[in-house]
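Student: Here you go, model32.txt (compact mmCIF, C-alpha atoms):
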# COMPACT_ATOMS: atom_id res chain seq x y z
CA MET A 1 -16.55 -12.16 -10.57
CA LYS A 2 -17.12 -8.91 -12.44
CA LYS A 3 -14.02 -6.76 -12.67
CA GLU A 4 -15.56 -3.29 -12.93
CA LEU A 5 -15.83 -1.22 -9.79
CA LYS A 6 -19.30 -0.79 -8.35
CA LEU A 7 -20.27 2.10 -6.11
CA THR A 8 -19.97 -0.21 -3.09
CA ASP A 9 -16.38 -1.10 -4.09
CA ILE A 10 -15.48 2.57 -4.43
CA LEU A 11 -17.05 3.51 -1.10
CA VAL A 12 -15.40 0.64 0.78
CA THR A 13 -12.06 1.51 -0.81
CA ILE A 14 -12.43 5.14 0.25
CA VAL A 15 -13.38 4.18 3.81
CA ILE A 16 -10.31 1.93 4.00
CA ALA A 17 -8.19 4.73 2.56
CA ILE A 18 -9.50 7.37 4.95
CA ALA A 19 -8.73 5.07 7.88
CA PHE A 20 -5.19 4.67 6.57
CA GLY A 21 -4.97 8.42 5.92
CA ILE A 22 -5.49 8.90 9.66
CA VAL A 23 -2.88 6.22 10.38
CA TYR A 24 -0.49 8.00 8.00
CA ILE A 25 -0.79 11.27 9.93
CA LEU A 26 -0.16 9.48 13.24
CA TRP A 27 2.67 7.46 11.69
CA GLY A 28 4.49 10.69 10.86
CA THR A 29 5.08 11.20 14.58
CA VAL A 30 6.76 7.80 14.87
CA TYR A 31 8.75 8.45 11.69
CA TYR A 32 10.10 11.75 13.00
CA ALA A 33 10.82 10.28 16.44
CA VAL A 34 13.09 7.63 14.89
CA GLN A 35 14.83 9.98 12.42
CA PRO A 36 17.42 11.37 14.88
CA LEU A 37 18.66 7.83 15.58
CA GLY A 38 20.34 7.80 12.16
CA LEU A 39 21.31 4.90 9.93
CA HIS A 40 18.08 5.49 8.00
CA LEU A 41 16.01 3.69 10.63
CA ASP A 42 13.19 6.03 9.59
CA GLN A 43 13.23 4.38 6.16
CA LEU A 44 12.33 1.06 7.79
CA LEU A 45 9.03 2.73 8.74
CA TYR A 46 8.41 4.33 5.35
CA GLY A 47 6.54 1.36 3.92
CA MET A 48 3.54 2.07 6.13
CA TRP A 49 2.65 4.86 3.69
CA PHE A 50 2.09 2.26 0.94
CA ILE A 51 -0.22 -0.09 2.84
CA ALA A 52 -3.59 1.39 1.80
CA GLY A 53 -3.29 0.35 -1.83
CA THR A 54 -2.14 -3.19 -1.21
CA PHE A 55 -4.59 -3.82 1.62
CA ALA A 56 -7.57 -2.39 -0.28
CA TYR A 57 -6.69 -4.50 -3.32
CA PHE A 58 -6.62 -7.69 -1.24
CA ILE A 59 -10.04 -6.82 0.17
CA ILE A 60 -11.82 -5.67 -3.02
CA ARG A 61 -9.74 -7.60 -5.61
CA LYS A 62 -10.57 -5.44 -8.62
CA PRO A 63 -8.61 -3.26 -11.06
CA GLY A 64 -8.02 0.32 -10.00
CA VAL A 65 -8.51 -0.26 -6.28
CA ALA A 66 -4.84 0.15 -5.29
CA LEU A 67 -4.57 3.43 -7.20
CA LEU A 68 -7.87 4.74 -5.82
CA ALA A 69 -6.93 3.74 -2.26
CA GLU A 70 -3.53 5.43 -2.37
CA ILE A 71 -4.97 8.62 -3.87
CA ALA A 72 -7.79 8.71 -1.30
CA ALA A 73 -5.42 7.96 1.60
CA ALA A 74 -3.01 10.67 0.45
CA SER A 75 -5.93 13.09 0.07
CA GLY A 76 -7.12 12.28 3.58
CA GLU A 77 -3.62 12.73 4.92
CA PHE A 78 -3.33 16.06 3.12
CA LEU A 79 -6.69 17.29 4.43
CA LEU A 80 -5.69 16.31 7.97
CA GLY A 81 -2.66 18.57 7.76
CA SER A 82 0.21 16.50 6.45
CA PRO A 83 3.59 18.16 7.05
CA TRP A 84 4.53 17.18 3.49
CA GLY A 85 1.82 19.35 1.93
CA LEU A 86 0.71 18.71 -1.62
CA THR A 87 3.60 16.35 -2.31
CA VAL A 88 1.62 13.62 -0.54
CA LEU A 89 -0.92 13.74 -3.38
CA LEU A 90 1.76 13.22 -6.01
CA SER A 91 3.28 10.46 -3.89
CA GLY A 92 -0.12 8.78 -3.49
CA VAL A 93 -0.73 8.77 -7.24
CA VAL A 94 2.71 7.39 -8.09
CA GLN A 95 2.78 4.78 -5.31
CA GLY A 96 -0.74 3.59 -6.15
CA LEU A 97 0.04 3.48 -9.87
CA PHE A 98 3.21 1.42 -9.35
CA ALA A 99 1.35 -1.09 -7.13
CA GLU A 100 -1.48 -1.23 -9.67
CA LEU A 101 1.02 -2.15 -12.40
CA VAL A 102 2.05 -5.24 -10.42
CA PHE A 103 -1.56 -6.36 -9.94
CA MET A 104 -2.16 -5.71 -13.65
CA ALA A 105 0.89 -7.80 -14.57
CA PHE A 106 -0.80 -10.75 -12.83
CA ARG A 107 -4.09 -9.86 -14.58
CA TYR A 108 -5.74 -9.18 -11.21
CA LYS A 109 -5.93 -12.94 -10.54
CA ARG A 110 -3.26 -13.48 -7.87
CA PHE A 111 -3.81 -12.64 -4.22
CA ASP A 112 -0.82 -14.19 -2.50
CA LEU A 113 2.06 -12.96 -0.37
CA LYS A 114 4.46 -12.87 -3.33
CA VAL A 115 2.22 -10.45 -5.21
CA ALA A 116 1.80 -8.35 -2.06
CA ALA A 117 5.58 -8.12 -1.65
CA LEU A 118 6.04 -7.22 -5.33
CA ALA A 119 3.35 -4.53 -5.14
CA ALA A 120 4.96 -3.13 -1.99
CA SER A 121 8.33 -3.08 -3.74
CA ALA A 122 6.81 -1.34 -6.74
CA SER A 123 5.26 1.31 -4.49
CA CYS A 124 8.69 1.74 -2.96
CA VAL A 125 10.20 2.29 -6.42
CA GLY A 126 7.49 4.87 -7.07
CA SER A 127 8.34 6.67 -3.84
CA LEU A 128 12.00 6.72 -4.83
CA VAL A 129 11.10 8.27 -8.18
CA VAL A 130 9.27 11.06 -6.35
CA ASP A 131 12.17 11.47 -3.92
CA ALA A 132 14.62 11.67 -6.83
CA LEU A 133 12.49 14.29 -8.58
CA ASN A 134 12.40 16.30 -5.35
CA GLY A 135 16.19 16.06 -5.05
CA GLN A 136 16.05 14.23 -1.73
CA ILE A 137 18.48 11.43 -2.52
CA ALA A 138 20.80 12.86 -5.18
CA GLU A 139 23.53 13.93 -2.75
CA LEU A 140 23.76 10.72 -0.72
CA ALA A 141 27.09 8.92 -0.85
CA ALA A 142 26.96 5.44 -2.40
CA TRP A 143 27.14 3.58 0.93
CA ASN A 144 24.51 5.91 2.42
CA LEU A 145 22.22 5.50 -0.58
CA ALA A 146 22.58 1.71 -0.38
CA LEU A 147 21.60 1.76 3.29
CA TYR A 148 18.71 4.11 2.51
CA LEU A 149 17.42 1.84 -0.27
CA LEU A 150 17.84 -1.35 1.73
CA ALA A 151 15.94 0.09 4.69
CA ARG A 152 13.12 1.51 2.56
CA PHE A 153 12.65 -1.71 0.57
CA ALA A 154 12.72 -3.86 3.73
CA GLY A 155 10.17 -1.64 5.46
CA SER A 156 8.00 -1.52 2.36
CA ILE A 157 7.91 -5.28 1.97
CA PHE A 158 7.14 -5.70 5.67
CA PHE A 159 4.38 -3.08 6.02
CA ALA A 160 2.76 -2.84 2.58
CA GLY A 161 3.47 -6.45 1.66
CA VAL A 162 3.48 -8.84 4.61
CA LEU A 163 1.39 -6.81 7.06
CA ALA A 164 -1.20 -5.81 4.42
CA TYR A 165 -1.49 -9.40 3.22
CA TYR A 166 -1.94 -10.93 6.68
CA LEU A 167 -4.31 -8.18 7.82
CA ALA A 168 -6.48 -8.94 4.78
CA GLU A 169 -6.20 -12.67 5.54
CA VAL A 170 -7.42 -12.10 9.09
CA LEU A 171 -10.43 -10.22 7.74
CA GLU A 172 -10.95 -12.98 5.19
CA ASP A 173 -11.02 -15.58 7.97
CA THR A 174 -13.67 -13.63 9.88
CA GLY A 175 -15.91 -13.49 6.82
CA VAL A 176 -16.01 -9.69 6.75
CA THR A 177 -14.80 -9.64 3.15
CA ASN A 178 -17.91 -11.55 2.08
CA LEU A 179 -19.81 -8.33 2.71
CA VAL A 180 -17.91 -6.62 -0.13
CA ARG A 181 -17.04 -9.59 -2.30
CA PRO A 182 -19.63 -12.10 -3.49
CA LEU A 183 -19.02 -15.79 -3.02
CA SER A 184 -17.33 -17.54 -5.92
CA THR A 185 -17.82 -21.02 -7.33
CA GLU A 186 -14.67 -22.09 -5.47
CA ASP A 187 -16.24 -20.96 -2.18
CA PHE A 188 -19.23 -23.24 -2.80
CA THR A 189 -17.04 -26.22 -3.74
CA ASP A 190 -14.97 -25.67 -0.59
CA MET A 191 -18.15 -26.11 1.46
CA ASP A 192 -18.65 -29.69 0.20
Could I get this file's structure written as structure tokens?

Tutor:
Amino acid sequence: MKKELKLTDILVTIVIAIAFGIVYILWGTVYYAVQPLGLHLDQLLYGMWFIAGTFAYFIIRKPGVALLAEIAAASGEFLLGSPWGLTVLLSGVVQGLFAELVFMAFRYKRFDLKVAALAASASCVGSLVVDALNGQIAELAAWNLALYLLARFAGSIFFAGVLAYYLAEVLEDTGVTNLVRPLSTEDFTDMD
């Protein structure tokens, strides 16, 4: 399979990202509804904002897709009136870049749940870098920061790792991904 992005790959990635950009805007309502409950329950939901990159990568399976998907999803979210303003664009770039680094570490050849969870965790680290630069976590007490980190990592692994992986698997089982990904030699040998 050729690794460079074709126009079809870019367009499919952007369509996926725009769909998730809409989900991101709607997800903000759920996030803010849970925030008053305390104990950083909102951080359990935070991982949904990383799903576009991981999901798009598992559909297209080429270098640059996770970064492109996160940037496009963040752009869509921004254009739809994100309450976070331009910071969503910075977040999208950093989260997509951190996920992309995981896929690159595996040379874009692994498409399993472990890689999905690692990419989700990397996106989470990227989000924490942005939060730290914005001064959002500097004043948390140690126990509060630990709870914050635990909740965000757990939510990230669930949404951007497990959910993204199984959602892509469901599409794989239906054959939809064959429309954007040509059959490989392994696919033909599996038919025998």

Student: Hey, what's within 9 Å of Val102 (chain A) if we count all atoms listed in the file and toss same-chain stuff fewer than 2 positions away? As a list in words, please?

Tutor: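 Here the answer would be Leu97, Phe98, Ala99, Glu100, Met104, Ala105, Phe106, Arg107, Tyr108, Val115, Ala116, Leu118, Ala119 and Ala122 of chain A.
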
Student: I'd like the neighbourhood of Leu11 (chain A) as a list in words, where a residue qualifies if any of its atoms comes within 12 Å (using only C-alpha atoms), though same-chain residues fewer than 6 positions away should be ignored.

Tutor: Leu5, Ala17, Ile18, Ala56, Ile60, Val65, Leu68, Ala69, Ala72 and Val180 of chain A

Student: Pick out the closest residue to Val30 (chain A) from this set: A:Met48, A:Ala142, A:Val94, A:Val15. Count only C-alpha atoms.

Tutor: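 Distance minimum relative to Val30 (chain A) lands on A:Met48.
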
Student: Please provide as a list in words all residues within 12 Å of Ala154 (chain A), with the sequence filter that same-chain residues fewer than 6 positions apart are discarded (counting only C-alpha atoms).

Tutor: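 Those residues are His40, Leu41, Asp42, Gln43, Leu44, Leu45, Tyr46, Gly47, Met48, Ala117, Leu118, Ala120, Ser121, Cys124, Leu147, Tyr148, Ala160, Gly161 and Val162 of chain A.
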
Student: Within 9 Å of region 23-26 of chain A, counting only C-alpha atoms, which residues show up once you throw out same-chain ones fewer than 2 positions away? Write them as a ChimeraX atom specification, please.

Tutor: /A:18-21,28-30,48-49,73-74,77-78,80-83

Student: For the atom pair CA of Ala168 (chain A) and CA of Gly92 (chain A), what is the interatomic distance in Å to one decimal place?

Tutor: 20.6 Å

Student: Check the smallest atom-to-atom distance from each of A:Thr87, A:Asn134, A:Thr8, A:Thr54 to Tyr165 (chain A) using only C-alpha atoms, then report the winner.

Tutor: A:Thr54

Student: For Arg110 (chain A), which of A:Gly38, A:Val125, A:Thr174, A:Phe58 is the closest residue, counting all atoms listed in the file?

Tutor: A:Phe58

Student: Could you check how far CA of Ile22 (chain A) sits from CA of Lys62 (chain A), in Å to one decimal?

Tutor: 23.8 Å

Student: Place a sphere of radius 12 Å on (1.8, 12.2, -8.7) in the file coordinates and name every protein, DNA or RNA residue with an atom inside or on its surface, counting all atoms listed in the file; give the answer as a ChimeraX atom specification.

Tutor: /A:67,70-71,74-75,86-98,126-127,129-131,133-134
